[in-house]
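Asks: Pasting a structure here, questions to come.
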Number of protein chains: 4
Amino acid sequence: MRAAACLILLAVAALAQGQPPTDAPLLVGHWIATMEFNGTTSVARLDLVEASNPLTGSLDGVPLSGTIERKMLRFRAGSRSVTATVADGVIMGTMITEGDKGVRPFSSAFRAARIPDRRPGPPQTIEFTPTSFQRSYSPQATPVLRVWPGDTVHTTTIDAGGVDAQGIKRAAGGDPLTGPIYVETAMPGDTLAVHIVRLRLNRDWAGTNDHLVDSALTAGLARRMDGINKPVRWRLDLEKNVGTPEGATGNLANYVLPLRPMIGSIGVAAPPGDAAPMANDSGFYGGNMDFNLIREAATVYLTIQAPGALLYLGDVHAAQGDGELNGSGLETSADVTFTVDVIPGRRPSAPRVENEGQIMATGFGGSVDDALRMATSNMAGWLAQDYGLGPSEVAQVLGTAAQYQISEIADRNSGVVLKIDKPLLRGLAPAR
Amino acid sequence: MRAAACLILLAVAALAQGQPPTDAPLLVGHWIATMEFNGTTSVARLDLVEASNPLTGSLDGVPLSGTIERKMLRFRAGSRSVTATVADGVIMGTMITEGDKGVRPFSSAFRAARIPDRRPGPPQTIEFTPTSFQRSYSPQATPVLRVWPGDTVHTTTIDAGGVDAQGIKRAAGGDPLTGPIYVETAMPGDTLAVHIVRLRLNRDWAGTNDHLVDSALTAGLARRMDGINKPVRWRLDLEKNVGTPEGATGNLANYVLPLRPMIGSIGVAAPPGDAAPMANDSGFYGGNMDFNLIREAATVYLTIQAPGALLYLGDVHAAQGDGELNGSGLETSADVTFTVDVIPGRRPSAPRVENEGQIMATGFGGSVDDALRMATSNMAGWLAQDYGLGPSEVAQVLGTAAQYQISEIADRNSGVVLKIDKPLLRGLAPAR
Amino acid sequence: MRAAACLILLAVAALAQGQPPTDAPLLVGHWIATMEFNGTTSVARLDLVEASNPLTGSLDGVPLSGTIERKMLRFRAGSRSVTATVADGVIMGTMITEGDKGVRPFSSAFRAARIPDRRPGPPQTIEFTPTSFQRSYSPQATPVLRVWPGDTVHTTTIDAGGVDAQGIKRAAGGDPLTGPIYVETAMPGDTLAVHIVRLRLNRDWAGTNDHLVDSALTAGLARRMDGINKPVRWRLDLEKNVGTPEGATGNLANYVLPLRPMIGSIGVAAPPGDAAPMANDSGFYGGNMDFNLIREAATVYLTIQAPGALLYLGDVHAAQGDGELNGSGLETSADVTFTVDVIPGRRPSAPRVENEGQIMATGFGGSVDDALRMATSNMAGWLAQDYGLGPSEVAQVLGTAAQYQISEIADRNSGVVLKIDKPLLRGLAPAR
Amino acid sequence: MRAAACLILLAVAALAQGQPPTDAPLLVGHWIATMEFNGTTSVARLDLVEASNPLTGSLDGVPLSGTIERKMLRFRAGSRSVTATVADGVIMGTMITEGDKGVRPFSSAFRAARIPDRRPGPPQTIEFTPTSFQRSYSPQATPVLRVWPGDTVHTTTIDAGGVDAQGIKRAAGGDPLTGPIYVETAMPGDTLAVHIVRLRLNRDWAGTNDHLVDSALTAGLARRMDGINKPVRWRLDLEKNVGTPEGATGNLANYVLPLRPMIGSIGVAAPPGDAAPMANDSGFYGGNMDFNLIREAATVYLTIQAPGALLYLGDVHAAQGDGELNGSGLETSADVTFTVDVIPGRRPSAPRVENEGQIMATGFGGSVDDALRMATSNMAGWLAQDYGLGPSEVAQVLGTAAQYQISEIADRNSGVVLKIDKPLLRGLAPAR
């Protein structure tokens, strides 16, 4: 249907203008432009609507106009002017950017590649065994796998210390990640949906410790908790789905914990041009959120920052209390199956999560108070975008239905999640 | 002058040694002392262990020693010296307090009344219809009812605006309270347990509004939410146990909310000598906590600050989301039945709540971060006191079992509740 | 001039209407109304513009209209209707307030007294020796002194523990206050200016201690600072204007501190109808701000909440570091001279302070972050009100000129002060 | 297998005892070891005390023991065992690390280079013209310059947008940095002192804007400040040392700002093994602190994280109010001269700054409250380390002398600086 629309568009364009260039049809559509200036790469979405004279469309949302003559393309969008040639489906040339008053114009290398519209063939299930691991949400890392929306991936993760299911250290510690996985058609501003089909532990032990993170402590509790901080190893009984602290005596001799495996780290690459966030950081791109409801059967929505999204995941916990108060959960390796999809637009300010019973908007900030405000804003946006609520309606739903969980206080960013029971929203007509 | 006073005291002590006064036995036991200095009343617990010569015991935990001669009592505890007579079960006289260096000793009126040990007769169920309402957690207010530990009270509350079940305004707004109820034997440092036997709404409407409190707003959301703030009236269907916003059109026309009645305000009087907290404030004494799990079948534990505890309650909400984001819940009047009990000692740093499934430690502070730390410290204390856990064990249980709910952000203090599922604690041998 | 305006107004009124009532002239002007409902008193400003038929003016800013017939006054302002008689310069009667839907109208006792326009005679200097001290910023306390705008008061304060210059304990501890002083003509919504003419210490010692407040401590510092908390007495050399810790050995043996006397507590009464803030609390009414630049020659601006303003002051410190990190400054008694003035309107959201070199806007909140936002908003308002700046101009001045001092972290509210050097503002045309 | 490795090591040790190898003397001294495991590099300090049999010393502070036989070195420090050869002043080999229980030992490449003890020849003044700019505090970036302690560097910085003194864009925006400069002898755990000898502006304009950062806004102020956010260009009069907003009309037409050039960004590389902090981030390594007292004549102390320290600097502001409320200061390029020095040990938890009048301890955190606690802890450490104060003395000095300035709220980390006037500390005997 989209192709048909394009054809009509092209026909109209061809009729309307003087000299339709012969290779015009090839240009109409969506492109991802990368611009390089003195070693820094930035990325923009290039949408070409009419590939005749004048050339129309937009660069990063800014309307462009220009001309095309044979293979030579010239256009201007705001303060940026591009001169480039088209060959083999790639646009390549130079971009001149005008600076503010007193700053001289500067030149960047410009390169745009076409974004495919649709997958070739039916969805696939892909078996992927990682051999390398990443320690940041880098937009520069080379993808280890390329998949299409609708594809399912079955893979494994190693633990936060870099140890795999066989007890072999595969990477330095600090939440090393499986990935990045490039998702075809995924563009900045769109949303990546990752549905966790299956999440299972694949070894019989996990590691944690017995201290409490400083952010959880009053001055008095800091004093009472002084002197503890030793590793604690847990035995995981995967059949009974329970864990027990290994060798515990005293009051914890009979402490038995139901296992609730969760993905501690899941995120997309940071925006090209920014430094890559460390694997143990979190933010609008997701990352090391340590939110204990990112479990089997949940779907995570992430705002795409870089072409191909570049999905990373790891740091599975066999179980974890809210806040990750020991600075770690029951750290272990895992076997995970997920499907990916791309939803055009939407652009949540931070990850959103959904399971059978609830919609959940995350928020991250330097304090729990800030994280709470971010989560509230994220959910307010969700209710407006997907349920069509106006401000007064948003306020009424939040006032009566909000559930606030503090998900994480052990990392640089604290996390808060605002959750709403789905049955409450049933009366509202979803806009999506 | 201070030296002189000491000498006299010592001389009296020397003379008195060895002659047990005839009425000594009557003195042994627990007393509550009130001391008045220039218009300020303070309170101390007086425990007399031996009522012979020397007289022994403690005043507010500070060991005392003194003499008794006929009806004349003289003792010293730390920097405080009391000279008093005993008559009709009351100790009355003068207390001299020595000040720091450079400050002259000062004199307070001293009066102590005996605390009864046990109730006269079996537990009672008391019907109480309030005719006046309080607007602070005052230790000075005259009790409207005196009950014994084990007694059950059936009474009513009016809404946050002072309106009762019949729509009659009974008090100025600001969370007016039913109470205070004096609980016999209750002493500062002990814990009051209030078990909510039954909590039912008694009218078919509630009031709230459609704005969002500032503390929930990012700057961006503040701008998007500009211009809303109108009252919203809810219709309560007490039979179906659901509420609907009255006259809602648009997206909320079919918004149906299950009712979950909760007590917004429950607390004991502040310490005598302190100014009374406003009815809409919260803290270590409980108060306007707006925690939506203080519902029927829950038990609330409050650290007693004043003799008789002086229990206040009100501000029932038909339902309320976490955080009380509209600045109010579904404000309404209610019919409530509860039993009271006094647990010696324990002294939680903030209220604790328990229901069939969970133990819940509250924390209050000027930021959510501070409230979280207070809640964590409160729960750490609970696990140590009642389950005998040491620091390492406390850390391990919190790390794996903590659930953090943000209960309140609409008031001066924010509230966080740390909850633990009771089944997890079953393996631990309770110390209580 | 104001009287002349009134006469003209009355003449016009008399001409325009049918039957000018004989006592009409007496009514025109400003009144303070107190309304009592079930034990709660609230206050409103009543401004009568035309005292004929129809009667016009406003009650608390809400336009009123009504009639006057002999001594009988009837008017309605919004949901409130008043029926009252006028006698001896007092309006007395009943007010009926309509409630929201489902709430029956309720009746309050209504009483209004005229606010004087101008002082009788020239400004006075009043010598005032306090004999009682207050422990809250109560709107209900009986004034100990009545003064007029322009008057100067010379009085004394006792220390935070209630001890005076002679070492005599005069009140219980907790920042007991001299006052309240009733300022004639002062009305809610106006601003009280208190200019500190002279502030001198009147004894040679001060008390403090050696612990650090919890809010200043990381978990690590809490552990390192464990085990300290003893009183420290300072010797004040009033001639050399320096202080030294009494009996200090070791590293502090030669520690000599320049004295910088400051008023720790200065504030107006809370709004009638609210519970009185404790003497050691702070907020929009001022109070125990512990801001170390409230010194001799500074002027403090306080938004008046209650008729007569009801000024309280005390808790002088001989010196204090920012934040009051010991939980106290060098606590001492003092001799203070100040003048009061009333500025119509302005209504700062929190106290403002001014000295020769700077304008300073305070902010108070449950966290330093919140206090900072309040201080910024307070200063933005000041720049808009008094210097006529628009939003963009406010932003530019704040961005280049703001100085943020953290004034207080030891109390329930933290305090931040945004300061701007006066020379920077000289180019701006003051609007006041 | 682990047991086997131990046996071999022990056997070698047994054999080697007693024969001092000929090249032993060459080994004694300080080395910097880099270890690479699966693409991650970490760094440790290797101190060899005795280079005979047994070999003694420490690896990252952990005592080591081992043997040396000819050029073959074998030692063990805790869970790490190294086997390496020495040649050309470099130690090169393999390190085996034992993991926790259940984790197999893993092997890293090991390489150690000797740290020079002292500079060859007298201090130099080095002219350095940057040609490339960095956008992170990376420990991996290649040094652009190598200097010795005592050397003086004269160089330039470009503005936050990457524009130089001539208006030429030299780098992408985001606080691009001059550097990194490798300082010989500088080792992790030591302190780098950077004394700013001279700091001068080198062009006549600066850029900023007129919005206020969200973190400064109450919800109300956010609404009042809505709709502003435009670039503002400032004219810098370098002769008169004042700035004026270009083309300002209205109230700011006569707004004249004294220029106070400051270095917005100065820091050392992050620890090797960590991801590099972005150029606009701040923390224990310094970075984009935006503290307006880092001016000419100040000295900045930075805890070294990587060999050679790797000093970066940039983002000079012609002037900036506290908090950087516009999200930028008056952004401009500059000419800067500084000397570097290395102080063994000390290791401040965050940068310290000193000028003629004050010592200043910075603190950074996700909230101003956290930053304040970090600054307090940093200063408490300073007073203990350099002035020998015990906990009680630290508390007394902080309580009377602390000055808290909020330096930065526009970035991810907020900054607070605790300042103390040097004259107050004169009585204390410095320990350094």
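Labels used: A, B, ... for chains in the order of the structure tokens, numbers from 1 for residues in each chain, and numbers from 1 for ligands as shown.
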Tell me as a PDB file with N, CA, C and O atoms, in the first residue's frame which residues belonging to chain C come within 12 Å of chain A, counting only C-alpha atoms.

Replies:
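That gives us out-v1.pdb:
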```
ATOM      1  N   LEU C 212      27.673  16.986  64.058  1.00  0.00           N
ATOM      2  CA  LEU C 212      27.241  17.466  62.736  1.00  0.00           C
ATOM      3  C   LEU C 212      25.848  16.906  62.464  1.00  0.00           C
ATOM      4  O   LEU C 212      25.592  15.728  62.712  1.00  0.00           O
ATOM      5  N   VAL C 213      24.967  17.743  61.943  1.00  0.00           N
ATOM      6  CA  VAL C 213      23.597  17.295  61.679  1.00  0.00           C
ATOM      7  C   VAL C 213      23.592  16.216  60.589  1.00  0.00           C
ATOM      8  O   VAL C 213      24.400  16.233  59.668  1.00  0.00           O
ATOM      9  N   ASP C 214      22.661  15.302  60.718  1.00  0.00           N
ATOM     10  CA  ASP C 214      22.582  14.167  59.792  1.00  0.00           C
ATOM     11  C   ASP C 214      22.487  14.602  58.330  1.00  0.00           C
ATOM     12  O   ASP C 214      23.042  13.958  57.436  1.00  0.00           O
ATOM     13  N   SER C 215      21.788  15.692  58.069  1.00  0.00           N
ATOM     14  CA  SER C 215      21.570  16.110  56.686  1.00  0.00           C
ATOM     15  C   SER C 215      22.864  16.527  55.990  1.00  0.00           C
ATOM     16  O   SER C 215      22.887  16.672  54.770  1.00  0.00           O
ATOM     17  N   ALA C 216      23.943  16.710  56.741  1.00  0.00           N
ATOM     18  CA  ALA C 216      25.229  17.084  56.136  1.00  0.00           C
ATOM     19  C   ALA C 216      26.109  15.877  55.858  1.00  0.00           C
ATOM     20  O   ALA C 216      27.186  16.020  55.299  1.00  0.00           O
ATOM     21  N   LEU C 217      25.656  14.693  56.256  1.00  0.00           N
ATOM     22  CA  LEU C 217      26.545  13.538  56.287  1.00  0.00           C
ATOM     23  C   LEU C 217      26.303  12.544  55.150  1.00  0.00           C
ATOM     24  O   LEU C 217      25.177  12.117  54.930  1.00  0.00           O
ATOM     25  N   THR C 218      27.353  12.174  54.441  1.00  0.00           N
ATOM     26  CA  THR C 218      27.308  10.969  53.633  1.00  0.00           C
ATOM     27  C   THR C 218      27.343   9.788  54.612  1.00  0.00           C
ATOM     28  O   THR C 218      27.686   9.958  55.785  1.00  0.00           O
ATOM     29  N   ALA C 219      27.021   8.602  54.110  1.00  0.00           N
ATOM     30  CA  ALA C 219      27.081   7.418  54.978  1.00  0.00           C
ATOM     31  C   ALA C 219      28.492   7.260  55.541  1.00  0.00           C
ATOM     32  O   ALA C 219      28.679   6.933  56.714  1.00  0.00           O
ATOM     33  N   GLY C 220      29.478   7.528  54.691  1.00  0.00           N
ATOM     34  CA  GLY C 220      30.864   7.386  55.144  1.00  0.00           C
ATOM     35  C   GLY C 220      31.212   8.390  56.225  1.00  0.00           C
ATOM     36  O   GLY C 220      31.832   8.041  57.241  1.00  0.00           O
ATOM     37  N   LEU C 221      30.807   9.624  56.044  1.00  0.00           N
ATOM     38  CA  LEU C 221      31.115  10.651  57.049  1.00  0.00           C
ATOM     39  C   LEU C 221      30.348  10.372  58.339  1.00  0.00           C
ATOM     40  O   LEU C 221      30.845  10.630  59.437  1.00  0.00           O
ATOM     41  N   ALA C 222      29.130   9.831  58.214  1.00  0.00           N
ATOM     42  CA  ALA C 222      28.367   9.465  59.414  1.00  0.00           C
ATOM     43  C   ALA C 222      29.167   8.488  60.264  1.00  0.00           C
ATOM     44  O   ALA C 222      29.206   8.592  61.493  1.00  0.00           O
ATOM     45  N   ARG C 223      29.824   7.543  59.591  1.00  0.00           N
ATOM     46  CA  ARG C 223      30.616   6.563  60.344  1.00  0.00           C
ATOM     47  C   ARG C 223      31.855   7.210  60.943  1.00  0.00           C
ATOM     48  O   ARG C 223      32.204   6.952  62.089  1.00  0.00           O
ATOM     49  N   ARG C 224      32.513   8.071  60.167  1.00  0.00           N
ATOM     50  CA  ARG C 224      33.727   8.715  60.682  1.00  0.00           C
ATOM     51  C   ARG C 224      33.402   9.678  61.829  1.00  0.00           C
ATOM     52  O   ARG C 224      34.237   9.924  62.696  1.00  0.00           O
ATOM     53  N   MET C 225      32.210  10.239  61.808  1.00  0.00           N
ATOM     54  CA  MET C 225      31.823  11.235  62.824  1.00  0.00           C
ATOM     55  C   MET C 225      31.100  10.585  63.999  1.00  0.00           C
ATOM     56  O   MET C 225      30.509  11.281  64.817  1.00  0.00           O
ATOM     57  N   ASP C 226      31.090   9.277  64.068  1.00  0.00           N
ATOM     58  CA  ASP C 226      30.354   8.586  65.116  1.00  0.00           C
ATOM     59  C   ASP C 226      30.957   8.909  66.489  1.00  0.00           C
ATOM     60  O   ASP C 226      32.153   9.100  66.631  1.00  0.00           O
ATOM     61  N   GLY C 227      30.085   8.981  67.474  1.00  0.00           N
ATOM     62  CA  GLY C 227      30.560   9.063  68.854  1.00  0.00           C
ATOM     63  C   GLY C 227      30.831  10.464  69.363  1.00  0.00           C
ATOM     64  O   GLY C 227      31.241  10.636  70.504  1.00  0.00           O
ATOM     65  N   GLY C 366      11.572  21.169  51.901  1.00  0.00           N
ATOM     66  CA  GLY C 366      11.951  19.924  52.567  1.00  0.00           C
ATOM     67  C   GLY C 366      13.282  19.368  52.090  1.00  0.00           C
ATOM     68  O   GLY C 366      13.849  18.487  52.711  1.00  0.00           O
ATOM     69  N   SER C 367      13.807  19.882  50.969  1.00  0.00           N
ATOM     70  CA  SER C 367      15.137  19.511  50.500  1.00  0.00           C
ATOM     71  C   SER C 367      15.828  20.793  50.059  1.00  0.00           C
ATOM     72  O   SER C 367      15.175  21.814  49.825  1.00  0.00           O
ATOM     73  N   ASP C 369      17.169  21.166  47.246  1.00  0.00           N
ATOM     74  CA  ASP C 369      16.698  21.378  45.877  1.00  0.00           C
ATOM     75  C   ASP C 369      15.390  22.166  45.849  1.00  0.00           C
ATOM     76  O   ASP C 369      15.220  23.080  45.037  1.00  0.00           O
ATOM     77  N   ASP C 370      14.473  21.803  46.702  1.00  0.00           N
ATOM     78  CA  ASP C 370      13.197  22.526  46.739  1.00  0.00           C
ATOM     79  C   ASP C 370      13.397  23.958  47.218  1.00  0.00           C
ATOM     80  O   ASP C 370      12.781  24.889  46.699  1.00  0.00           O
TER      81      ASP C 370
END
```

Asks: Write out as a PDB file with N, CA, C and O atoms, in the first residue's frame the residues lying within 8 Å of Trp148 of chain D, counting only C-alpha atoms and excluding same-chain residues fewer than 5 positions away.

Replies:
```
ATOM      1  N   ARG D 119      62.215  14.660  37.262  1.00  0.00           N
ATOM      2  CA  ARG D 119      62.331  15.253  35.944  1.00  0.00           C
ATOM      3  C   ARG D 119      63.790  15.371  35.515  1.00  0.00           C
ATOM      4  O   ARG D 119      64.671  15.581  36.332  1.00  0.00           O
ATOM      5  N   PRO D 123      62.431  23.010  35.352  1.00  0.00           N
ATOM      6  CA  PRO D 123      61.072  23.209  34.849  1.00  0.00           C
ATOM      7  C   PRO D 123      61.066  24.009  33.553  1.00  0.00           C
ATOM      8  O   PRO D 123      61.912  24.876  33.344  1.00  0.00           O
ATOM      9  N   VAL D 183      51.068  14.015  32.437  1.00  0.00           N
ATOM     10  CA  VAL D 183      52.010  14.553  33.413  1.00  0.00           C
ATOM     11  C   VAL D 183      52.892  13.412  33.918  1.00  0.00           C
ATOM     12  O   VAL D 183      52.406  12.471  34.550  1.00  0.00           O
ATOM     13  N   GLU D 184      54.150  13.464  33.597  1.00  0.00           N
ATOM     14  CA  GLU D 184      55.078  12.407  33.998  1.00  0.00           C
ATOM     15  C   GLU D 184      55.056  12.243  35.517  1.00  0.00           C
ATOM     16  O   GLU D 184      54.916  13.212  36.253  1.00  0.00           O
ATOM     17  N   THR D 185      55.230  11.040  35.968  1.00  0.00           N
ATOM     18  CA  THR D 185      55.261  10.629  37.393  1.00  0.00           C
ATOM     19  C   THR D 185      53.872  10.550  38.022  1.00  0.00           C
ATOM     20  O   THR D 185      53.720   9.995  39.113  1.00  0.00           O
ATOM     21  N   VAL D 340      51.631  22.695  36.512  1.00  0.00           N
ATOM     22  CA  VAL D 340      51.119  21.453  37.092  1.00  0.00           C
ATOM     23  C   VAL D 340      52.107  20.923  38.115  1.00  0.00           C
ATOM     24  O   VAL D 340      53.311  21.142  38.012  1.00  0.00           O
ATOM     25  N   ASP D 341      51.558  20.240  39.099  1.00  0.00           N
ATOM     26  CA  ASP D 341      52.408  19.598  40.093  1.00  0.00           C
ATOM     27  C   ASP D 341      51.733  18.304  40.542  1.00  0.00           C
ATOM     28  O   ASP D 341      50.528  18.146  40.390  1.00  0.00           O
TER      29      ASP D 341
END
```

Asks: Which residue is closest to Pro176 of chain C? Choose from B:Ala298, B:Asn38, B:Thr208, B:Gly57 and count only C-alpha atoms.

Replies: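 Once distances to Pro176 of chain C are computed over only C-alpha atoms, the minimum belongs to B:Asn38.
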
Asks: Taking 3 positions as the minimum chain separation for residues in the same chain, which residues sit within 7 Å of Leu59 of chain D when counting only C-alpha atoms? Answer as a list of chain:residue names.

Replies: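 Within the cut-off, the hits are D:Ala44, D:Arg45, D:Leu46, D:Asp47, D:Val62, D:Pro63, D:Leu64, D:Ala77.
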
Asks: Would you mind telling me which residue in A:Ile406, A:Val103, A:Ala112, A:Val43 lies nearest to Leu27 of chain A when using only C-alpha atoms?

Replies: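 Answer, going by the shortest atom-to-atom distance: A:Ala112.
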
Asks: What are the DSSP strand (DSSP E) residues of segment 133-210 of chain A, as a PyMOL selection string?

Replies: chain A and resi 145-147+152-157+177-183+191-201+205-209

Asks: Write a file of the just-selected residues containing C-alpha atoms, as a compact mmCIF listing (two decimals), in the first residue's frame.

Replies:
```
# COMPACT_ATOMS: atom_id res chain seq x y z
CA LEU A 145 23.34 -9.35 14.45
CA ARG A 146 20.88 -7.72 12.07
CA VAL A 147 17.20 -8.53 12.39
CA THR A 152 12.47 -13.50 17.21
CA VAL A 153 15.91 -13.90 18.74
CA HIS A 154 17.03 -16.68 21.08
CA THR A 155 20.28 -15.89 22.86
CA THR A 156 22.10 -15.87 26.20
CA THR A 157 23.43 -13.29 28.62
CA LEU A 177 25.97 -6.76 27.44
CA THR A 178 24.92 -9.08 24.65
CA GLY A 179 24.59 -7.01 21.48
CA PRO A 180 24.22 -4.64 19.79
CA ILE A 181 21.51 -5.99 17.55
CA TYR A 182 20.67 -3.84 14.55
CA VAL A 183 16.96 -3.69 13.76
CA THR A 191 9.93 3.25 19.22
CA LEU A 192 11.44 -0.19 19.58
CA ALA A 193 9.17 -2.77 21.21
CA VAL A 194 10.95 -5.76 22.72
CA HIS A 195 8.64 -8.54 23.84
CA ILE A 196 10.28 -11.00 26.23
CA VAL A 197 8.88 -14.33 25.11
CA ARG A 198 10.89 -16.49 27.48
CA LEU A 199 13.44 -15.75 30.23
CA ARG A 200 15.07 -18.68 31.99
CA LEU A 201 18.06 -19.09 34.24
CA TRP A 205 24.10 -20.23 41.42
CA ALA A 206 24.07 -16.46 41.69
CA GLY A 207 26.25 -13.95 43.45
CA THR A 208 25.39 -10.94 45.59
CA ASN A 209 26.56 -9.52 48.93
```

Asks: Name all residues at most 8 Å from Met95 of chain B (count only C-alpha atoms; drop same-chain ones fewer than 2 positions away) and give them as a list of chain:residue names.

Replies: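 Within the cut-off, the hits are B:Met35, B:Arg80, B:Ser81, B:Val82, B:Thr83, B:Gly93, B:Thr97, B:Ser107, B:Ser108, B:Ala109, B:Phe110.
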
Asks: Export all heavy atoms of the chosen residues as a short mmCIF file (atom, residue, chain, number, x, y, z; two decimals), in the first residue's frame?

Replies:
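Written out: selection24.cif:
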```cif
data_model
loop_
_atom_site.label_atom_id
_atom_site.label_comp_id
_atom_site.auth_asym_id
_atom_site.auth_seq_id
_atom_site.Cartn_x
_atom_site.Cartn_y
_atom_site.Cartn_z
N MET B 35 5.53 18.21 84.28
CA MET B 35 6.31 19.29 84.88
C MET B 35 5.98 20.56 84.14
O MET B 35 5.96 20.56 82.91
CB MET B 35 7.80 18.95 84.75
CG MET B 35 8.14 17.76 85.63
SD MET B 35 9.44 16.70 84.93
CE MET B 35 8.69 16.17 83.41
N ARG B 80 18.13 16.79 87.90
CA ARG B 80 16.83 17.20 88.41
C ARG B 80 16.59 16.68 89.83
O ARG B 80 16.81 15.50 90.11
CB ARG B 80 15.73 16.70 87.49
CG ARG B 80 15.99 17.13 86.03
CD ARG B 80 14.77 17.06 85.16
NE ARG B 80 14.52 15.73 84.65
CZ ARG B 80 13.64 15.46 83.69
NH1 ARG B 80 12.93 16.47 83.15
NH2 ARG B 80 13.45 14.25 83.27
N SER B 81 16.14 17.56 90.70
CA SER B 81 15.84 17.18 92.08
C SER B 81 14.39 17.51 92.38
O SER B 81 13.94 18.62 92.11
CB SER B 81 16.71 17.97 93.05
OG SER B 81 18.07 17.80 92.72
N VAL B 82 13.68 16.53 92.97
CA VAL B 82 12.26 16.70 93.25
C VAL B 82 12.00 16.65 94.75
O VAL B 82 12.55 15.78 95.45
CB VAL B 82 11.43 15.61 92.53
CG1 VAL B 82 9.96 15.67 92.94
CG2 VAL B 82 11.58 15.77 91.00
N THR B 83 11.20 17.55 95.22
CA THR B 83 10.68 17.51 96.59
C THR B 83 9.17 17.56 96.50
O THR B 83 8.63 18.50 95.90
CB THR B 83 11.18 18.72 97.41
OG1 THR B 83 12.60 18.78 97.29
CG2 THR B 83 10.77 18.61 98.87
N GLY B 93 4.65 18.52 93.96
CA GLY B 93 5.68 19.30 94.60
C GLY B 93 6.44 20.15 93.61
O GLY B 93 5.85 20.72 92.69
N THR B 97 15.86 22.10 88.49
CA THR B 97 16.75 21.62 87.44
C THR B 97 18.01 22.47 87.40
O THR B 97 17.92 23.70 87.38
CB THR B 97 16.05 21.69 86.07
OG1 THR B 97 14.82 21.00 86.15
CG2 THR B 97 16.92 21.08 84.97
N SER B 107 13.11 26.26 88.68
CA SER B 107 12.13 25.46 89.40
C SER B 107 10.87 25.24 88.56
O SER B 107 10.36 26.15 87.91
CB SER B 107 11.79 26.23 90.69
OG SER B 107 10.59 25.77 91.23
N SER B 108 10.38 23.99 88.56
CA SER B 108 9.15 23.67 87.85
C SER B 108 8.16 23.06 88.84
O SER B 108 8.55 22.41 89.81
CB SER B 108 9.41 22.63 86.75
OG SER B 108 10.47 23.00 85.92
N ALA B 109 6.87 23.25 88.55
CA ALA B 109 5.85 22.54 89.32
C ALA B 109 5.86 21.08 88.88
O ALA B 109 5.98 20.79 87.69
CB ALA B 109 4.48 23.16 89.07
N PHE B 110 5.78 20.16 89.85
CA PHE B 110 5.89 18.73 89.56
C PHE B 110 4.63 18.03 90.04
O PHE B 110 4.18 18.23 91.16
CB PHE B 110 7.13 18.17 90.28
CG PHE B 110 7.39 16.71 90.03
CD1 PHE B 110 8.26 16.31 89.02
CD2 PHE B 110 6.75 15.72 90.80
CE1 PHE B 110 8.51 14.96 88.79
CE2 PHE B 110 6.99 14.38 90.55
CZ PHE B 110 7.88 14.00 89.55
#
```

Asks: So how many Å separate atom CA of Leu424 of chain A and atom CA of Met262 of chain B, to one decimal?

Replies: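 Computed distance, atom CA of Leu424 of chain A to atom CA of Met262 of chain B, equals 19.0 Å.
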
Asks: How many Å lie between atom CA of Gly273 of chain A and atom CA of Val232 of chain D, rounded to one decimal?

Replies: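 Computing the Euclidean distance for atom CA of Gly273 of chain A and atom CA of Val232 of chain D yields 24.8 Å.
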